[in-house]
Each structure stands twice: as C-alpha cells, then as structure tokens.
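Engineer: Below you'll find coords_39.cif; it's mmCIF, C-alpha atoms.
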data_query
#
loop_
_atom_site.label_atom_id
_atom_site.label_comp_id
_atom_site.auth_asym_id
_atom_site.auth_seq_id
_atom_site.Cartn_x
_atom_site.Cartn_y
_atom_site.Cartn_z
CA MET A 10 -2.39 67.00 -4.40
CA LYS A 11 -0.73 66.05 -1.12
CA HIS A 12 -3.63 63.72 -0.32
CA ALA A 13 -3.37 62.11 -3.76
CA ILE A 14 0.35 61.42 -3.26
CA THR A 15 -0.32 59.97 0.20
CA LEU A 16 -3.06 57.74 -1.20
CA ALA A 17 -0.77 56.55 -4.00
CA VAL A 18 2.01 55.75 -1.54
CA ALA A 19 -0.43 53.87 0.70
CA THR A 20 -1.78 51.93 -2.27
CA LEU A 21 1.76 51.05 -3.37
CA ALA A 22 2.61 49.91 0.15
CA LEU A 23 -0.44 47.67 0.30
CA THR A 24 0.33 46.25 -3.14
CA THR A 25 3.96 45.59 -2.17
CA ALA A 26 2.84 43.93 1.08
CA SER A 27 0.38 41.78 -0.87
CA ILE A 28 3.11 40.69 -3.31
CA ALA A 29 5.48 39.95 -0.43
CA GLN A 30 2.80 37.95 1.34
CA GLU A 31 2.18 35.90 -1.82
CA ALA A 32 5.92 35.34 -2.21
CA GLU A 33 6.14 34.12 1.38
CA THR A 34 3.29 31.64 1.09
CA PRO A 35 4.79 28.43 2.47
CA ALA A 36 5.23 25.46 0.18
CA PRO A 37 2.57 22.79 0.73
CA SER A 38 3.43 19.71 2.74
CA PRO A 39 2.95 16.24 1.22
CA GLY A 40 -0.24 15.86 3.26
CA GLU A 41 -1.64 19.14 2.01
CA ILE A 42 -0.96 18.10 -1.59
CA VAL A 43 -2.81 14.82 -1.02
CA ASN A 44 -5.76 16.59 0.61
CA ALA A 45 -6.03 18.93 -2.35
CA ALA A 46 -5.98 16.15 -4.97
CA SER A 47 -9.08 16.09 -7.18
CA GLN A 48 -11.52 13.21 -6.95
CA ASP A 49 -10.65 11.92 -10.42
CA GLU A 50 -7.09 11.27 -9.21
CA TRP A 51 -8.24 8.63 -6.73
CA VAL A 52 -8.56 4.93 -7.60
CA ILE A 53 -11.21 2.76 -5.94
CA ILE A 54 -9.87 -0.57 -4.67
CA ASP A 55 -11.86 -3.60 -5.79
CA PRO A 56 -13.41 -5.23 -2.66
CA GLU A 57 -12.21 -8.56 -4.10
CA ASP A 58 -8.70 -7.25 -3.40
CA LEU A 59 -9.38 -6.45 0.24
CA VAL A 60 -8.87 -8.90 3.11
CA VAL A 61 -10.28 -8.11 6.55
CA MET A 62 -8.66 -9.79 9.56
CA THR A 63 -10.50 -9.45 12.87
CA LEU A 64 -8.70 -9.82 16.20
CA PRO A 65 -10.40 -9.99 19.61
CA PRO A 66 -11.35 -6.55 20.98
CA LEU A 67 -9.12 -4.95 23.58
CA GLU A 68 -10.11 -4.99 27.25
CA ASP A 69 -11.72 -1.57 26.88
CA GLY A 70 -13.86 -2.87 24.02
CA THR A 71 -11.82 -1.27 21.22
CA GLU A 72 -12.47 -3.14 17.98
CA ARG A 73 -9.42 -4.52 16.19
CA LYS A 74 -9.66 -5.00 12.44
CA VAL A 75 -6.74 -5.14 10.03
CA VAL A 76 -7.37 -4.51 6.32
CA MET A 77 -4.98 -5.79 3.68
CA GLN A 78 -4.96 -4.86 0.00
CA LEU A 79 -3.87 -7.69 -2.30
CA ILE A 80 -1.37 -6.82 -5.00
CA GLY A 81 -2.54 -6.81 -8.63
CA GLU A 82 -1.19 -8.23 -11.85
CA PRO A 83 1.43 -9.07 -12.89
CA PHE A 84 2.84 -9.71 -9.42
CA SER A 85 2.42 -12.76 -7.17
CA GLN A 86 -0.94 -13.77 -8.60
CA GLY A 87 -0.60 -17.46 -7.73
CA TRP A 88 -0.19 -16.65 -4.05
CA VAL A 89 -2.91 -14.00 -4.22
CA GLU A 90 -5.35 -16.57 -5.60
CA ASN A 91 -4.35 -18.95 -2.79
CA ILE A 92 -5.03 -16.26 -0.18
CA ARG A 93 -8.54 -15.78 -1.53
CA THR A 94 -9.06 -19.56 -1.44
CA LEU A 95 -7.74 -19.80 2.12
CA ALA A 96 -9.89 -16.90 3.34
CA ARG A 97 -13.02 -18.33 1.73
CA ALA A 98 -12.28 -21.70 3.34
CA ARG A 99 -12.01 -19.81 6.66
CA TYR A 100 -8.58 -21.33 7.09
CA TRP A 101 -7.27 -18.62 9.41
CA ASP A 102 -10.30 -18.51 11.71
CA GLY A 103 -9.11 -19.65 15.12
CA SER A 104 -5.41 -19.43 14.24
CA ALA A 105 -3.06 -16.93 15.87
CA ILE A 106 -0.31 -14.34 15.65
CA LEU A 107 2.81 -16.49 15.98
CA ARG A 108 5.72 -14.11 15.91
CA VAL A 109 6.45 -10.44 16.60
CA GLN A 110 10.07 -9.49 15.99
CA ASP A 111 11.03 -5.94 16.90
CA ASN A 112 11.84 -3.67 13.95
CA TYR A 113 11.09 -6.51 11.54
CA VAL A 114 7.85 -8.45 11.09
CA VAL A 115 4.61 -9.76 12.57
CA GLN A 116 3.77 -13.29 11.36
CA TRP A 117 0.54 -15.29 11.56
CA GLY A 118 -1.23 -18.35 10.22
CA GLN A 119 0.08 -21.85 9.79
CA PRO A 120 2.38 -22.77 12.72
CA ASP A 121 5.90 -24.05 12.16
CA PRO A 122 6.35 -27.81 12.79
CA ASP A 123 8.44 -27.30 15.96
CA MET A 124 5.89 -25.06 17.70
CA GLY A 125 3.92 -27.87 19.26
CA VAL A 126 0.73 -26.72 17.55
CA GLU A 127 -1.23 -29.04 15.31
CA ALA A 128 -1.30 -27.57 11.81
CA LYS A 129 -4.68 -27.14 10.16
CA PRO A 130 -4.92 -28.83 6.74
CA VAL A 131 -4.95 -26.36 3.89
CA PRO A 132 -7.72 -26.50 1.27
CA ALA A 133 -7.18 -28.74 -1.72
CA GLY A 134 -6.11 -27.25 -5.00
CA LEU A 135 -3.77 -24.50 -3.84
CA LYS A 136 -1.39 -23.33 -6.52
CA VAL A 137 2.31 -24.13 -6.30
CA MET A 138 4.69 -21.39 -7.42
CA ASP A 139 8.38 -21.48 -8.15
CA GLU A 140 11.05 -18.93 -7.28
CA GLY A 141 10.81 -17.33 -10.70
CA ASP A 142 7.37 -16.06 -9.67
CA TYR A 143 8.91 -13.64 -7.17
CA THR A 144 9.43 -11.33 -10.16
CA ALA A 145 7.44 -10.41 -13.25
CA ASP A 146 9.24 -10.69 -16.58
CA THR A 147 7.91 -7.35 -17.83
CA ILE A 148 5.25 -4.79 -17.09
CA ASP A 149 3.34 -3.25 -19.99
CA VAL A 150 3.33 0.45 -19.20
CA ASN A 151 1.18 1.19 -22.24
CA LEU A 152 -1.74 -1.00 -21.20
CA ALA A 153 -1.98 0.04 -17.57
CA TRP A 154 -5.49 0.79 -16.34
CA ASN A 155 -7.10 1.94 -13.15
CA ASN A 156 -10.65 1.77 -11.84
CA ARG A 157 -10.76 5.52 -11.46
CA PRO A 158 -14.23 7.03 -10.97
CA LEU A 159 -14.70 10.55 -12.26
CA ALA A 160 -17.98 11.35 -10.57
CA GLU A 161 -19.72 10.85 -7.25
CA GLU A 162 -22.45 8.74 -8.88
CA ASN A 163 -19.82 6.15 -9.78
CA ARG A 164 -18.74 5.94 -6.14
CA ALA A 165 -22.36 5.45 -5.15
CA ASP A 166 -22.56 2.46 -7.50
CA TYR A 167 -19.59 0.82 -5.76
CA GLY A 168 -21.39 -2.40 -4.94
CA ASN A 169 -22.50 -3.01 -8.53
CA MET A 170 -19.27 -2.27 -10.40
CA ASP A 171 -17.97 -4.74 -12.98
CA TRP A 172 -14.31 -4.70 -12.02
CA SER A 173 -13.10 -7.13 -14.66
CA GLN A 174 -13.75 -5.82 -18.17
CA ASN A 175 -15.22 -2.37 -17.76
CA GLU A 176 -14.28 -0.27 -20.78
CA ASP A 177 -16.11 2.85 -19.61
CA PRO A 178 -13.53 5.66 -19.57
CA ALA A 179 -15.09 6.81 -16.32
CA PHE A 180 -13.51 3.76 -14.70
CA HIS A 181 -10.30 3.40 -16.67
CA ASN A 182 -7.14 5.27 -17.34
CA THR A 183 -5.17 4.01 -20.32
CA SER A 184 -2.11 6.20 -19.97
CA PRO A 185 1.16 4.67 -18.76
CA ASP A 186 1.25 4.62 -14.98
CA VAL A 187 4.86 3.92 -14.15
CA GLN A 188 5.48 7.08 -12.15
CA SER A 189 9.11 8.16 -12.22
CA THR A 190 10.62 8.73 -8.81
CA GLN A 191 13.00 11.33 -10.18
CA THR A 192 12.54 14.91 -9.04
CA SER A 193 13.88 18.21 -10.32
CA GLY A 194 15.84 18.64 -7.11
CA THR A 195 18.09 15.60 -7.42
CA PHE A 196 21.07 14.79 -9.57
CA ALA A 197 19.99 12.23 -12.19
CA GLY A 198 17.16 11.03 -9.94
CA TRP A 199 17.43 9.27 -6.61
CA HIS A 200 16.88 5.84 -8.15
CA GLN A 201 20.67 5.72 -8.56
CA ARG A 202 20.99 5.90 -4.79
CA ASP A 203 18.89 2.75 -4.22
CA SER A 204 21.12 0.00 -2.82
CA TYR A 205 18.89 -2.87 -3.92
CA ALA A 206 17.86 -2.11 -7.49
CA GLU A 207 18.97 -0.24 -10.57
CA TRP A 208 15.62 1.51 -10.82
CA VAL A 209 12.60 2.02 -8.55
CA GLU A 210 9.18 3.28 -9.60
CA PHE A 211 5.47 3.14 -8.76
CA PHE A 212 3.26 0.87 -10.83
CA ARG A 213 -0.52 0.82 -10.41
CA GLY A 214 -0.16 2.09 -6.88
CA TRP A 215 2.69 -0.20 -5.79
CA PRO A 216 6.39 0.46 -5.17
CA VAL A 217 8.38 -1.73 -7.56
CA ALA A 218 11.96 -2.20 -8.66
CA THR A 219 13.81 -3.50 -11.70
CA GLU A 220 17.32 -4.30 -12.92
CA GLY A 221 17.09 -1.67 -15.63
CA GLU A 222 14.94 1.14 -16.96
CA SER A 223 14.39 -0.28 -20.45
CA GLY A 224 11.07 -1.94 -19.59
CA ASP A 225 12.09 -5.45 -20.64
CA ALA A 226 13.96 -6.39 -17.44
CA PRO A 227 12.29 -8.31 -14.58
CA TRP A 228 10.30 -6.22 -12.05
CA TRP A 229 9.40 -6.99 -8.47
CA PRO A 230 7.42 -5.41 -5.59
CA VAL A 231 9.57 -4.18 -2.72
CA HIS A 232 9.44 -4.72 1.03
CA CYS A 233 8.33 -1.41 2.55
CA TYR A 234 6.67 -0.84 5.92
CA GLY A 235 3.28 -2.56 6.03
CA MET A 236 3.90 -4.79 3.00
CA VAL A 237 2.66 -8.37 3.37
CA GLY A 238 4.68 -11.41 2.32
CA VAL A 239 4.38 -15.21 2.32
CA GLY A 240 6.20 -17.25 4.95
CA ARG A 241 8.14 -20.20 3.56
CA ASN A 242 10.61 -22.93 4.44
CA MET A 243 14.06 -23.31 2.91
CA SER A 244 14.47 -23.06 -0.87
CA PRO A 245 13.04 -24.35 -3.16
CA ASP A 246 9.86 -24.02 -1.06
CA THR A 247 8.01 -20.79 -1.87
CA GLY A 248 5.10 -21.04 0.58
CA ASP A 249 1.45 -21.43 -0.27
CA GLY A 250 0.11 -18.30 1.46
CA SER A 251 -1.14 -20.04 4.60
CA GLN A 252 1.51 -18.26 6.68
CA LEU A 253 1.81 -14.51 6.18
CA TYR A 254 3.82 -11.67 7.66
CA THR A 255 3.83 -7.88 7.53
CA VAL A 256 6.75 -5.50 7.91
CA ILE A 257 6.67 -3.40 11.11
CA GLY A 258 10.15 -1.92 10.99
CA HIS A 259 12.79 -0.50 8.71
CA ALA A 260 12.17 -1.73 5.17
CA PRO A 261 13.90 -5.16 4.87
CA ARG A 262 14.75 -4.76 1.19
CA HIS A 263 17.17 -7.71 1.38
CA LEU A 264 14.04 -9.88 1.26
CA ASP A 265 13.14 -8.57 -2.21
CA ARG A 266 13.07 -11.38 -4.79
CA ASN A 267 13.56 -13.93 -1.99
CA ILE A 268 9.97 -14.07 -0.72
CA ALA A 269 6.63 -13.39 -2.40
CA VAL A 270 5.12 -9.96 -1.70
CA VAL A 271 1.33 -10.30 -1.88
CA GLY A 272 -0.10 -7.07 -0.53
CA ARG A 273 0.05 -4.35 2.09
CA ILE A 274 -1.79 -3.35 5.25
CA ILE A 275 -3.85 -0.23 4.51
CA GLU A 276 -5.69 0.08 7.82
CA GLY A 277 -5.16 -1.26 11.32
CA ILE A 278 -1.38 -1.78 11.21
CA GLU A 279 -1.29 -0.40 14.77
CA HIS A 280 -3.08 -3.53 15.99
CA LEU A 281 -0.08 -5.56 14.82
CA SER A 282 2.87 -3.21 15.33
CA SER A 283 1.90 -2.53 18.96
CA LEU A 284 1.81 -6.20 20.00
CA PRO A 285 4.29 -7.41 22.65
CA ARG A 286 7.53 -8.67 21.13
CA GLY A 287 8.14 -12.40 21.26
CA LYS A 288 10.97 -13.51 23.51
CA GLY A 289 11.93 -16.62 21.53
CA PRO A 290 14.31 -16.80 18.57
CA LEU A 291 13.18 -14.55 15.70
CA GLY A 292 10.47 -13.12 17.92
CA PHE A 293 8.35 -16.27 18.19
CA TYR A 294 6.16 -16.45 21.29
CA GLU A 295 7.50 -19.11 23.63
CA ASP A 296 4.45 -18.77 25.87
CA PRO A 297 1.34 -19.91 23.94
CA GLU A 298 -0.76 -17.53 26.07
CA LYS A 299 0.98 -14.59 24.39
CA ARG A 300 -0.27 -15.56 20.93
CA VAL A 301 -3.11 -13.28 19.86
CA PRO A 302 -5.94 -15.35 18.38
CA ILE A 303 -7.42 -14.50 15.00
CA VAL A 304 -11.21 -14.38 15.09
CA SER A 305 -11.80 -14.34 11.35
CA VAL A 306 -10.34 -13.46 7.95
CA ARG A 307 -12.71 -12.52 5.12
CA ILE A 308 -12.48 -11.21 1.57
CA GLY A 309 -14.04 -7.75 1.45
CA ALA A 310 -16.36 -8.68 -1.42
CA ASP A 311 -17.84 -11.53 0.65
CA LEU A 312 -19.03 -9.28 3.46
CA PRO A 313 -22.54 -7.78 3.44
CA GLN A 314 -22.46 -4.66 1.31
CA ALA A 315 -23.06 -2.41 4.31
CA GLU A 316 -19.95 -3.90 5.99
CA GLN A 317 -17.66 -3.92 2.98
CA PRO A 318 -14.56 -1.76 3.48
CA ARG A 319 -14.37 1.05 0.92
CA PHE A 320 -10.93 2.38 0.13
CA GLU A 321 -9.24 4.31 -2.63
CA TYR A 322 -5.64 5.27 -3.28
CA LEU A 323 -4.04 8.26 -4.96
CA ALA A 324 -3.27 7.21 -8.53
CA THR A 325 0.48 6.96 -8.97
CA ASP A 326 0.25 8.30 -12.52
CA SER A 327 -1.55 11.45 -11.41
CA GLU A 328 -0.28 15.01 -11.29
CA SER A 329 -0.93 15.21 -7.55
CA PHE A 330 1.10 12.08 -6.91
CA ALA A 331 4.01 13.51 -8.91
CA ARG A 332 3.85 16.66 -6.76
CA TYR A 333 3.54 14.51 -3.65
CA THR A 334 6.66 12.45 -4.48
CA ASP A 335 8.62 15.62 -5.17
CA ALA A 336 7.49 17.09 -1.85
CA ARG A 337 8.46 13.93 0.02
CA ALA A 338 11.95 14.08 -1.50
CA ASN A 339 12.39 17.84 -1.21
CA ARG A 340 10.64 19.07 1.92
CA ARG A 341 10.09 22.80 1.52
CA ASP A 342 7.31 23.29 4.07
CA PRO A 343 8.17 25.55 7.02
CA PHE A 344 9.36 22.93 9.53
CA PHE A 345 12.27 21.82 7.33
CA ILE A 346 15.57 23.67 7.11
CA VAL A 347 17.49 21.63 4.52
CA PRO A 348 15.65 19.64 1.82
CA ALA A 349 17.11 16.14 1.52
CA GLY A 350 17.11 16.19 -2.28
CA GLY A 351 15.90 12.60 -2.45
CA ALA A 352 13.97 9.85 -0.70
CA ASP A 353 13.99 6.10 -0.39
CA ILE A 354 11.02 4.71 -2.29
CA CYS A 355 9.72 3.25 0.97
CA ASN A 356 9.62 6.77 2.38
CA ILE A 357 6.96 7.64 -0.20
CA PRO A 358 3.94 5.68 1.04
CA VAL A 359 1.09 5.63 -1.45
CA PRO A 360 -1.81 7.59 0.12
CA VAL A 361 -4.86 5.42 0.85
CA ARG A 362 -8.12 6.63 2.37
CA ARG A 363 -11.57 5.39 3.22
CA PHE A 364 -14.55 6.83 1.44
CA GLU A 365 -18.19 6.81 2.34
CA ILE A 366 -21.16 6.52 0.02
CA VAL A 367 -23.42 9.49 0.54
CA ALA A 368 -27.08 8.61 0.08
CA GLU A 369 -28.99 10.91 -2.24
CA GLU A 370 -31.70 12.99 -0.60
CA GLY A 371 -35.28 12.41 -1.59
#
For this file, write the structure as structure tokens.
Structural biologist:
Amino acid sequence: MKHAITLAVATLALTTASIAQEAETPAPSPGEIVNAASQDEWVIIDPEDLVVMTLPPLEDGTERKVVMQLIGEPFSQGWVENIRTLARARYWDGSAILRVQDNYVVQWGQPDPDMGVEAKPVPAGLKVMDEGDYTADTIDVNLAWNNRPLAEENRADYGNMDWSQNEDPAFHNTSPDVQSTQTSGTFAGWHQRDSYAEWVEFFRGWPVATEGESGDAPWWPVHCYGMVGVGRNMSPDTGDGSQLYTVIGHAPRHLDRNIAVVGRIIEGIEHLSSLPRGKGPLGFYEDPEKRVPIVSVRIGADLPQAEQPRFEYLATDSESFARYTDARANRRDPFFIVPAGGADICNIPVPVRRFEIVAEEG
C-alpha cells in the first residue's frame, strides 16, 4: 500500500510539473508566428509587379540587387504604369543614385536641372497624374482578391500563371482583406493614436490610411521604411516616375498625400541604406564620383524564367497576420518586460519571403 501511495504521489508530481511547464510556455514572437503560418496564408507576388535594380558589385565581388514591389490597385496606378514603361525602355540603365539623406531617403533616376548632368529624355506617352491621384476615393473591401496558392503544384506553375482574370479559388480569396490594426490589448484600438490619419489598416498587403472608418472616405498608402515614392518638383507637378526615392529612416508620414507612393523595397534595402551620406543640401552628392551608378532596371516578368525573382507575402487578411499584428503591438515573448499595448502601423512590416520551386523527382 505504501508503494501505491508513493507511486500516486510521484504521478501527481509529474502531472503537476507537466501542467506548470505548459503554463510557462513562452508566448511566440512575431517571427515565430510568421514562420508557423500555413502555406495557404501566403500570397505570390506577380512578377509583373517586381522591379529589379542592379548596382555594380562591391570590391569583394558581392552582388548588389534591389527588388521593389509595385503597389496594386487602386493606388498610384498611373505612376506604376509609367515605371513599367520606363524600365522596359531601359531608361534608368546608366543613371545613378543622386541623393542619400541620413534618416530620410535615397533618391535615384532623373537628375535635377541644377546638378550639371544632362537629363535623359523620357519615353513618349507617359501618363500625367494630378494631385488627386495621391489618394483613392474608396476601396471595395468586399471585392478584394489575392493570388493565393493553396498547393505546392500551384507554386511550381508560377511561370505560367494567368494573373489577370483567374477565377480559380486556388488563386483567389474573395473575403474582405482590410485587416483591422486593433488588438485586444489596447483601448479602442491604436488607430486613434495615429497622428496622421483617423484610421490605419492593411489592404492587400499594404499599410494604408483614411480620414474615416466608414469605407467611403479617401484612402492612401503611407510612408513607412522601405516604401518607394515619386520625386517631383513644386506643385502642381506630380512627377512622372523617372525619379524615385525610398525611405531609409524614421517613417516620414508628413509626406503622405503629398507625393505618390508606388511600391516598397522587399529585398536589398541594405544596398541603399548603407551608402555614404551626401554632403550637399538634402543629402545630394556634391562630388559626382560619389554617385553610385545603376547598371540596369528590369521588370521581373521580363527576365528569363530561371532568373525571375519569386516572392510571396503573408496575406494581411489571414489569421496568422492578425496574430502577428497583435504580437507586434503587445510583445509577450520572454525578452519583453512591459507590453507596449499598441504599435505604429509602420512598426508592423508585412512579412515577405522568397520561395523556390522544387522540381519533382522522376
């Protein structure tokens, strides 16, 4: 009987220890949540929406490629179309990085008139946009769709996808994809703490803002780290896309609705953010020798299939993304002592990753 009691006590102790161990399992970090996301929560990026900029290799032979994702409808589509036209005309080949301003932007492309550099003529037929095009009148949250593959065989067929009118549910999600940035740990949602907009959300993978939450107010993409915008002269000029910049510092949200946002850098930002800062006004290089030349700029879809960049992002209407945003706003993983209870929308970068096509055996 004594042995039975001892065994029962030991069993109870082990059970209690097991329960305690389960209770003490640390909360997952944002990165762990992303890594655990299921494949059907990832959205393949159309290679037509990828722009590859190649810079000269470093002295040690390190390759330098910068990949930009162009923003989708309904935002900035006139400029986006111009960028595709400019890339296909090889407009930027042989141009240079013009300006690197610390904690602000890197700018490249068409030189300003006072730089002493002869401007290259832009292709004919570029679209001309007005300032009203910095925003979209509405976004239809009920008709949102994503090219979301549900199986590995769809990923393997990447090069043959019809990205325009594919109604196969394996490639589309028809549920609303405005992902609320509210979390259970904040009072009324942290959108009320945004200094630049009444409401901030994620739409089709992009951080956006609006003047109200009703759905019929204008929306606009916001200037977060790595976002790409169009250089312009004084108003009413809106730029044609021949001069671009990317954010390499604290999110300059004051630029929202004042300049066209056309995309974001999804790979290779370090090749721009690590460049020497310009010593001239606004970070322009006074010494022409400091300007980094641009070897080439190509649309991803125009590259040989074996060289096409293949990227996907975590769908912003997915369960994993909702958990990820909550974890970014309320850090509960072991390193953190006090959860912040909120986060700036630019502190919730949309996860993007490369994927490889695995050839079938046999």
Engineer: The PyMOL selection byres ((chain A and resi 357) around 10) - which residues does that actually catch in the file I just gave you? List them as a ChimeraX atom specification.
Structural biologist: /A:39,190,211,216,233,330,333-338,352-356,358-360
Engineer: For a test of reading the model, state the distance in Å between CA of Val76 (chain A) and CA of Lys288 (chain A), rounded to one decimal.
Structural biologist: 26.7 Å
Engineer: Find the residue from A:Trp208, A:Tyr113, A:Trp88, A:Trp101 that sits nearest to His232 (chain A); use all atoms listed in the file when measuring.
Structural biologist: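 Under the stated criterion, the closest residue is A:Tyr113.
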Engineer: Any idea what the distance is between CA of Gln110 (chain A) and CA of Thr63 (chain A)?
Structural biologist: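 Result for CA of Gln110 (chain A) versus CA of Thr63 (chain A): 20.8 Å, one decimal.
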Engineer: For this file, the PyMOL selection byres ((chain A and resi 246) around 10) selects which residues, as a PyMOL selection string?
Structural biologist: chain A and resi 137-140+240-245+247-249+268
Engineer: Given the file shown, enumerate the residues that the PyMOL selection byres ((chain A and resi 123-129) around 12) captures and present them as a list in words.
Structural biologist: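 Selection result, ordered by chain and number: Leu95, Ala98, Arg99, Tyr100, Trp101, Asp102, Gly103, Ser104, Ala105, Leu107, Arg108, Gly118, Gln119, Pro120, Asp121, Pro122, Pro130, Val131, Pro132, Ser251, Gln252, Gly289, Pro290, Phe293, Tyr294, Glu295, Asp296, Pro297 and Arg300 of chain A.
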Engineer: Fewer than 5 positions away in the same chain doesn't count, so skip those; otherwise give me all residues within 7 Å of region 315-327 of chain A, counting only C-alpha atoms, as an MDAnalysis selection string.
Structural biologist: chainID A and resid 50:54 186:188 211:214 309:310 359:364
Engineer: Env of Gly238 (chain A): 8 Å cut, atoms = only C-alpha atoms, seq-sep filter 2 positions within chain, self excluded. Answer as a ChimeraX atom specification.
Structural biologist: /A:236,240,253-255,268-272
Engineer: Quick one: pull the distance between CA of Val43 (chain A) and CA of Glu82 (chain A), Å, one decimal.
Structural biologist: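 Here the two named atoms are 25.5 Å from each other.
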Engineer: Ranking A:Arg340, A:Arg266, A:Arg73, A:Arg286 by minimum distance to Val239 (chain A) and counting only C-alpha atoms, which one comes first?
Structural biologist: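 Smallest distance to Val239 (chain A) is found for A:Arg266.
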Engineer: Tell me which protein, DNA and RNA residues are within 9 Å of Lys299 (chain A), counting only C-alpha atoms, leaving out same-chain ones fewer than 6 positions away, and put them as a list in words.
Structural biologist: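 Result of the neighbour search: Ile106, Leu107, Pro285 and Gly287 of chain A.
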Engineer: What's around Glu279 (chain A) at 12 Å? Count all atoms listed in the file, leave out sequence neighbours fewer than 3 positions away in its own chain, and write the answer as a list in words.
Structural biologist: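 So, after excluding close chain neighbours, the residues are Glu72, Arg73, Lys74, Val75, Val76, Val115, Tyr234, Gly235, Thr255, Val256, Ile257, Ile274, Ile275, Glu276, Ser282, Ser283, Leu284 and Pro285 of chain A.
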